[in-house]
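Student: Okay, here's the structure, questions in a sec.
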Amino acid sequence: MTAHHDLPWPDARARARAAGRPLPAVSRTLHHARDHVLARPVTALTDLPPFDTSAMDGWAVAGPGPWRIRGRLLAGDDADAVGTLRDGDAVEIATGARLPRGATGVLRSERAKVDESLLFGDVQQGGDIRPQGQECRSGDDLLPAGTVVNPAVTGLAAAAGYDELVVVDRPRVEVLVLGDELLDSGPPRDGRIRDALGPLLTPWLRTLGADLRRVRRLGDDLAALRRAVESSQADVVITTGGTAGGPVDHIHPLLRDLGAELLVDGVAVRPGHPMVLAHLPGPRPGSGRFLVALPGNPLAAVSGMLTLTVPLLRRLSGRPEPRPRRIRIAQAVTGHPRDTRLVPVSGDTPLHFSGPAMLRGLAVADGMAVVPPGGLRAGERAEVLRVPR
């Protein structure tokens with residue numbers, strides 16, 4: 001097991017991203033493709049609209065008025081049922097209904113007047129008609145590979161004729177919360193504190209596209225930890241706590257026992273210095289099972305997530321790297337002499353309560369500013385990392 005101590009923060013992030021590769025492509029129904037990433041481009045299987053349709057409720061008319069009313073068409077009706085319109089003909093029509101042959105425009109209901117069987121009003125040639133292929137033609141490229149599947153994507157795919165999408169499989173993740181001192185409910189008492197990381201990590205991992213299988217409390221038990229890691233079917237096992245060198249810090253002994261390959265063993269960042277990324281032995285060479293060991297202090301664990309977990313999960317799930325966000329910092333920020341600092345910010349303002357065990361600043365932050373060694377002066381630009389909201 002080769003150690004890589006105190007990697008510079010940018011190098012640690014780059015190593016985490018380079019460690020993985022996108023998981024295999026799978027087919028998912030539209031209802032189950034949400035939060036996956038497209039493995040193949042989506043091309044239109046049909047023209048959109050697939051036929052000329054009415055853009056408004058009103059009357060499909062042919063030629064100049066007045067017009068004789070000779071039927072009605074609702075969305076989904078067969079337009080051939082009313083035949084071909086000739087000059088002076090009108091058919092009442094609903095929004096989205098297919099236009100009958102011969103129609104030259106749609107007269108909106110609010111602009112029309114009906115007198116017995118005659119229709120009066122002003123209409124422009126081609127007015128309020130959505131022509132076939134207005135949005136796209138069959139075969140057009142609609143979405144590139146790498147697009148995250150959100151509700152709008154599934155809606156567009158359905159409109160374009162898809163029942164399933166080919167997507168990158170989501171990485172399976174399991175969280176193991178370590179620490180005999182942690183409570184699951186109620187206020188801190190008797191020298192014990194609440195587990196903040198289970199509730200924090202669960203929704204965050206889902207927004208990152210992870211298939212979160214379970215969150216387990218193990219306490220400080222090396223044998224139980226080893227059984228849990230060896231039996232896990234997850235692509236990424238995340239642990240909280242136990243990354244330093246104390247009497248119940250079991251991560252390094254565990255990785256030595258398993259023969260894991262240490263990819264990152266400590267990062268020059270504050271908070272969160274004692275974080276670990278390891279490649280776990282798998283059933284075949286090159287199989288991609290990973291363990292990310294986060295520090296136990298809550299804000300330090302958030303730093304570990306941003307440094308190691310987020311880049312790794314983005315890579316495994318096929319997500320592209322987001323464009324960096326940079327701000328001009330409103331106030332000077334003290335830096336560490338040698339290490340990068342991650343500091344909660346709101347807008348362009350650094351926040352208080354940025355200690356390793358504190359979440360009060362993060363709870364109102366919209367990002368974590370990357371403060372290089374030596375700090376930042378007011379007005380200098382800083383990269384800001386997205387945090388869960």
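Here's how to read the names in the structure tokens: chain A, B, ... by the order shown, residue numbers from 1 in each chain, ligand numbers from 1 in the order shown.
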Which residues of segment 225-313 of chain A have any atom within 12 Å of an atom in segment 317-330 of chain A when counting only C-alpha atoms, and what is the closest pair of atoms for each, with the distance in Å to one decimal? Order the rows by chain and rising number and write it as JSON lines.

Tutor:
```
{"residue": "A:Asp235", "atom": "CA", "partner": "A:Ser317", "partner_atom": "CA", "distance": 10.9}
{"residue": "A:Val236", "atom": "CA", "partner": "A:Ser317", "partner_atom": "CA", "distance": 11.7}
{"residue": "A:Thr309", "atom": "CA", "partner": "A:Ser317", "partner_atom": "CA", "distance": 11.9}
{"residue": "A:Val310", "atom": "CA", "partner": "A:Glu321", "partner_atom": "CA", "distance": 10.0}
{"residue": "A:Pro311", "atom": "CA", "partner": "A:Glu321", "partner_atom": "CA", "distance": 8.1}
{"residue": "A:Leu312", "atom": "CA", "partner": "A:Ser317", "partner_atom": "CA", "distance": 8.7}
{"residue": "A:Leu313", "atom": "CA", "partner": "A:Ser317", "partner_atom": "CA", "distance": 5.9}
```

Student: Hey, can you spit out that residue selection with all heavy atoms as an mmCIF file, in the first residue's frame?

Tutor:
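Output below, filename again-v1.cif:
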```
data_model
loop_
_atom_site.group_PDB
_atom_site.id
_atom_site.type_symbol
_atom_site.label_atom_id
_atom_site.label_comp_id
_atom_site.auth_asym_id
_atom_site.auth_seq_id
_atom_site.Cartn_x
_atom_site.Cartn_y
_atom_site.Cartn_z
ATOM 1 N N ASP A 235 -20.168 0.689 -5.353
ATOM 2 C CA ASP A 235 -19.004 1.128 -6.126
ATOM 3 C C ASP A 235 -18.122 2.048 -5.290
ATOM 4 O O ASP A 235 -16.900 2.082 -5.471
ATOM 5 C CB ASP A 235 -19.460 1.879 -7.386
ATOM 6 C CG ASP A 235 -20.324 1.030 -8.288
ATOM 7 O OD1 ASP A 235 -19.805 0.012 -8.795
ATOM 8 O OD2 ASP A 235 -21.504 1.368 -8.473
ATOM 9 N N VAL A 236 -18.736 2.811 -4.387
ATOM 10 C CA VAL A 236 -18.003 3.731 -3.514
ATOM 11 C C VAL A 236 -18.527 3.562 -2.097
ATOM 12 O O VAL A 236 -19.728 3.703 -1.846
ATOM 13 C CB VAL A 236 -18.185 5.201 -3.953
ATOM 14 C CG1 VAL A 236 -17.412 6.136 -3.019
ATOM 15 C CG2 VAL A 236 -17.716 5.398 -5.392
ATOM 16 N N THR A 309 -14.855 13.207 -2.970
ATOM 17 C CA THR A 309 -16.065 12.473 -3.350
ATOM 18 C C THR A 309 -16.738 13.067 -4.570
ATOM 19 O O THR A 309 -17.146 12.336 -5.486
ATOM 20 C CB THR A 309 -17.054 12.442 -2.169
ATOM 21 O OG1 THR A 309 -16.372 12.049 -0.985
ATOM 22 C CG2 THR A 309 -18.180 11.470 -2.452
ATOM 23 N N VAL A 310 -16.905 14.386 -4.604
ATOM 24 C CA VAL A 310 -17.619 15.006 -5.723
ATOM 25 C C VAL A 310 -16.895 14.751 -7.049
ATOM 26 O O VAL A 310 -17.529 14.312 -8.028
ATOM 27 C CB VAL A 310 -17.828 16.507 -5.466
ATOM 28 C CG1 VAL A 310 -18.369 17.200 -6.717
ATOM 29 C CG2 VAL A 310 -18.789 16.717 -4.291
ATOM 30 N N PRO A 311 -15.581 14.987 -7.156
ATOM 31 C CA PRO A 311 -14.916 14.686 -8.440
ATOM 32 C C PRO A 311 -15.004 13.209 -8.828
ATOM 33 O O PRO A 311 -15.184 12.888 -10.010
ATOM 34 C CB PRO A 311 -13.467 15.112 -8.198
ATOM 35 C CG PRO A 311 -13.513 16.086 -7.080
ATOM 36 C CD PRO A 311 -14.642 15.629 -6.205
ATOM 37 N N LEU A 312 -14.875 12.312 -7.847
ATOM 38 C CA LEU A 312 -14.934 10.880 -8.147
ATOM 39 C C LEU A 312 -16.317 10.488 -8.650
ATOM 40 O O LEU A 312 -16.454 9.792 -9.674
ATOM 41 C CB LEU A 312 -14.574 10.075 -6.904
ATOM 42 C CG LEU A 312 -14.674 8.547 -7.036
ATOM 43 C CD1 LEU A 312 -13.679 8.025 -8.064
ATOM 44 C CD2 LEU A 312 -14.457 7.876 -5.682
ATOM 45 N N LEU A 313 -17.380 10.931 -7.965
ATOM 46 C CA LEU A 313 -18.734 10.569 -8.383
ATOM 47 C C LEU A 313 -19.096 11.196 -9.722
ATOM 48 O O LEU A 313 -19.811 10.587 -10.530
ATOM 49 C CB LEU A 313 -19.744 10.985 -7.315
ATOM 50 C CG LEU A 313 -19.720 10.181 -6.010
ATOM 51 C CD1 LEU A 313 -20.777 10.693 -5.044
ATOM 52 C CD2 LEU A 313 -19.910 8.695 -6.265
#
```

Student: Could you find all residues in segment 24-245 of chain A that DSSP calls alpha helix (DSSP H) from the backbone, and write them as a count of residues only?

Tutor: 30

Student: Enumerate the residues of segment 41-237 of chain A with a DSSP assignment of strand (DSSP E or B), computed from the backbone, and present them as a VMD selection string.

Tutor: chain A and resid 42 to 43 48 53 to 54 58 to 61 67 to 73 89 to 93 98 105 to 108 113 to 115 118 to 120 129 to 130 136 141 to 143 148 164 to 168 172 to 177 182 to 183 189 192 to 194 211 to 217 236 to 237

Student: Take the residues that were just selected and, keeping C-alpha atoms, output them as a PDB file, in the first residue's frame.

Tutor:
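Okay, selection.pdb is ready:
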```
ATOM      1  CA  VAL A  42     -30.804  11.960 -28.250  1.00  0.00           C
ATOM      2  CA  THR A  43     -31.952  12.457 -31.829  1.00  0.00           C
ATOM      3  CA  LEU A  48     -42.092  18.064 -33.794  1.00  0.00           C
ATOM      4  CA  THR A  53     -51.587  21.828 -35.325  1.00  0.00           C
ATOM      5  CA  SER A  54     -53.650  24.675 -33.980  1.00  0.00           C
ATOM      6  CA  GLY A  58     -60.834  28.835 -32.209  1.00  0.00           C
ATOM      7  CA  TRP A  59     -61.696  27.946 -35.777  1.00  0.00           C
ATOM      8  CA  ALA A  60     -59.617  26.517 -38.602  1.00  0.00           C
ATOM      9  CA  VAL A  61     -60.640  28.497 -41.669  1.00  0.00           C
ATOM     10  CA  TRP A  67     -67.097  31.153 -43.188  1.00  0.00           C
ATOM     11  CA  ARG A  68     -69.604  28.362 -42.918  1.00  0.00           C
ATOM     12  CA  ILE A  69     -69.117  26.239 -39.741  1.00  0.00           C
ATOM     13  CA  ARG A  70     -69.054  22.569 -40.651  1.00  0.00           C
ATOM     14  CA  GLY A  71     -67.770  20.586 -37.711  1.00  0.00           C
ATOM     15  CA  ARG A  72     -65.398  20.415 -34.743  1.00  0.00           C
ATOM     16  CA  LEU A  73     -61.944  18.949 -34.071  1.00  0.00           C
ATOM     17  CA  ASP A  89     -65.307  26.677 -44.744  1.00  0.00           C
ATOM     18  CA  ALA A  90     -64.560  26.727 -41.010  1.00  0.00           C
ATOM     19  CA  VAL A  91     -64.150  23.995 -38.389  1.00  0.00           C
ATOM     20  CA  GLU A  92     -64.168  24.675 -34.667  1.00  0.00           C
ATOM     21  CA  ILE A  93     -60.760  23.512 -33.354  1.00  0.00           C
ATOM     22  CA  ARG A  98     -54.446  18.503 -36.113  1.00  0.00           C
ATOM     23  CA  GLY A 105     -55.248  29.947 -40.707  1.00  0.00           C
ATOM     24  CA  VAL A 106     -56.771  29.777 -37.240  1.00  0.00           C
ATOM     25  CA  LEU A 107     -59.198  32.427 -36.028  1.00  0.00           C
ATOM     26  CA  ARG A 108     -58.940  32.786 -32.246  1.00  0.00           C
ATOM     27  CA  LYS A 113     -68.196  36.332 -33.869  1.00  0.00           C
ATOM     28  CA  VAL A 114     -70.737  33.659 -34.701  1.00  0.00           C
ATOM     29  CA  ASP A 115     -74.059  34.625 -36.248  1.00  0.00           C
ATOM     30  CA  LEU A 118     -71.701  31.909 -40.118  1.00  0.00           C
ATOM     31  CA  LEU A 119     -68.362  32.876 -38.606  1.00  0.00           C
ATOM     32  CA  PHE A 120     -66.956  36.394 -38.837  1.00  0.00           C
ATOM     33  CA  ILE A 129     -50.704  27.469 -36.793  1.00  0.00           C
ATOM     34  CA  ARG A 130     -47.800  25.416 -35.452  1.00  0.00           C
ATOM     35  CA  CYS A 136     -37.299  19.853 -34.989  1.00  0.00           C
ATOM     36  CA  ASP A 141     -29.709  16.173 -32.742  1.00  0.00           C
ATOM     37  CA  LEU A 142     -31.634  17.258 -29.647  1.00  0.00           C
ATOM     38  CA  LEU A 143     -29.323  16.555 -26.692  1.00  0.00           C
ATOM     39  CA  VAL A 148     -27.992  15.204 -17.032  1.00  0.00           C
ATOM     40  CA  GLU A 164     -36.171   4.470 -22.883  1.00  0.00           C
ATOM     41  CA  LEU A 165     -32.866   6.326 -22.768  1.00  0.00           C
ATOM     42  CA  VAL A 166     -29.318   4.941 -22.850  1.00  0.00           C
ATOM     43  CA  VAL A 167     -27.590   6.426 -19.825  1.00  0.00           C
ATOM     44  CA  VAL A 168     -24.488   5.953 -17.701  1.00  0.00           C
ATOM     45  CA  ARG A 172     -23.871   2.706  -5.982  1.00  0.00           C
ATOM     46  CA  VAL A 173     -22.816   4.326  -2.702  1.00  0.00           C
ATOM     47  CA  GLU A 174     -22.883   3.136   0.891  1.00  0.00           C
ATOM     48  CA  VAL A 175     -22.148   5.379   3.891  1.00  0.00           C
ATOM     49  CA  LEU A 176     -20.612   3.955   7.071  1.00  0.00           C
ATOM     50  CA  VAL A 177     -20.813   6.338  10.024  1.00  0.00           C
ATOM     51  CA  LEU A 182     -22.628   9.589  18.144  1.00  0.00           C
ATOM     52  CA  LEU A 183     -26.345   9.750  18.894  1.00  0.00           C
ATOM     53  CA  ARG A 189     -25.911  14.334  26.430  1.00  0.00           C
ATOM     54  CA  ARG A 192     -22.060  12.163  23.390  1.00  0.00           C
ATOM     55  CA  ILE A 193     -23.021  14.256  20.360  1.00  0.00           C
ATOM     56  CA  ARG A 194     -25.517  14.000  17.506  1.00  0.00           C
ATOM     57  CA  ASP A 211     -27.612   5.482  -6.038  1.00  0.00           C
ATOM     58  CA  LEU A 212     -27.453   5.632  -2.249  1.00  0.00           C
ATOM     59  CA  ARG A 213     -27.992   2.097  -1.008  1.00  0.00           C
ATOM     60  CA  ARG A 214     -27.861   2.678   2.731  1.00  0.00           C
ATOM     61  CA  VAL A 215     -26.366   4.636   5.636  1.00  0.00           C
ATOM     62  CA  ARG A 216     -25.111   2.457   8.520  1.00  0.00           C
ATOM     63  CA  ARG A 217     -23.877   3.261  12.015  1.00  0.00           C
ATOM     64  CA  VAL A 236     -18.003   3.731  -3.514  1.00  0.00           C
ATOM     65  CA  VAL A 237     -17.932   3.206   0.240  1.00  0.00           C
TER      66      VAL A 237
END
```

Student: Sorted by chain and rising residue number, which residues of segment 217-325 of chain A lie within 7 Å of segment 332-344 of chain A, and what are their closest atom pairs and distances in Å to one decimal, counting only C-alpha atoms, as CSV?

Tutor:
```
residue,atom,partner,partner_atom,distance
A:Ala268,CA,A:Asp339,CA,4.8
A:Val269,CA,A:Thr340,CA,4.6
A:Arg270,CA,A:Arg341,CA,4.8
A:Pro271,CA,A:Arg341,CA,6.8
A:Ser303,CA,A:Leu342,CA,6.9
```

Student: Write out as a PyMOL selection string the residues lying within 8 Å of Asp80 of chain A, counting only C-alpha atoms and excluding same-chain residues fewer than 2 positions away.

Tutor: chain A and resi 78+82-84+100-101

Student: For atom CA of Thr349 of chain A and atom CA of Gln331 of chain A, determine how far apart the two atoms are, in Å to one decimal place.

Tutor: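 Interatomic distance, atom CA of Thr349 of chain A to atom CA of Gln331 of chain A: 6.5 Å.
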
Student: Give me, please, the distance in Å between atom CA of Gly63 of chain A and atom CA of Leu99 of chain A, quoted to one decimal.

Tutor: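 These two atoms are separated by 14.3 Å.
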
Student: Counting only C-alpha atoms, which residue out of A:Ala293, A:Met275, A:Leu205, A:Ala210 sits closest to Thr239 of chain A?

Tutor: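 The shortest atom-to-atom distance to Thr239 of chain A comes from A:Ala293.
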
Student: Quote the spacing between atom CA of Leu197 of chain A and atom CA of Leu299 of chain A in Å to one decimal place.

Tutor: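 That distance, rounded to one decimal, is 9.3 Å.
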
Student: Find the residues near Thr147 of chain A: any atom within 9 Å, counting only C-alpha atoms, skip ones fewer than 5 places away on the same chain, and give them as number ranges by chain.

Tutor: A: 36-39, 41, 153, 319-320

Student: Tell me which of A:Leu156, A:Ala300, A:Leu255, A:Leu85 sits closest to Pro281 of chain A, counting only C-alpha atoms.

Tutor: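 Using only C-alpha atoms, Pro281 of chain A sits closest to A:Leu255.
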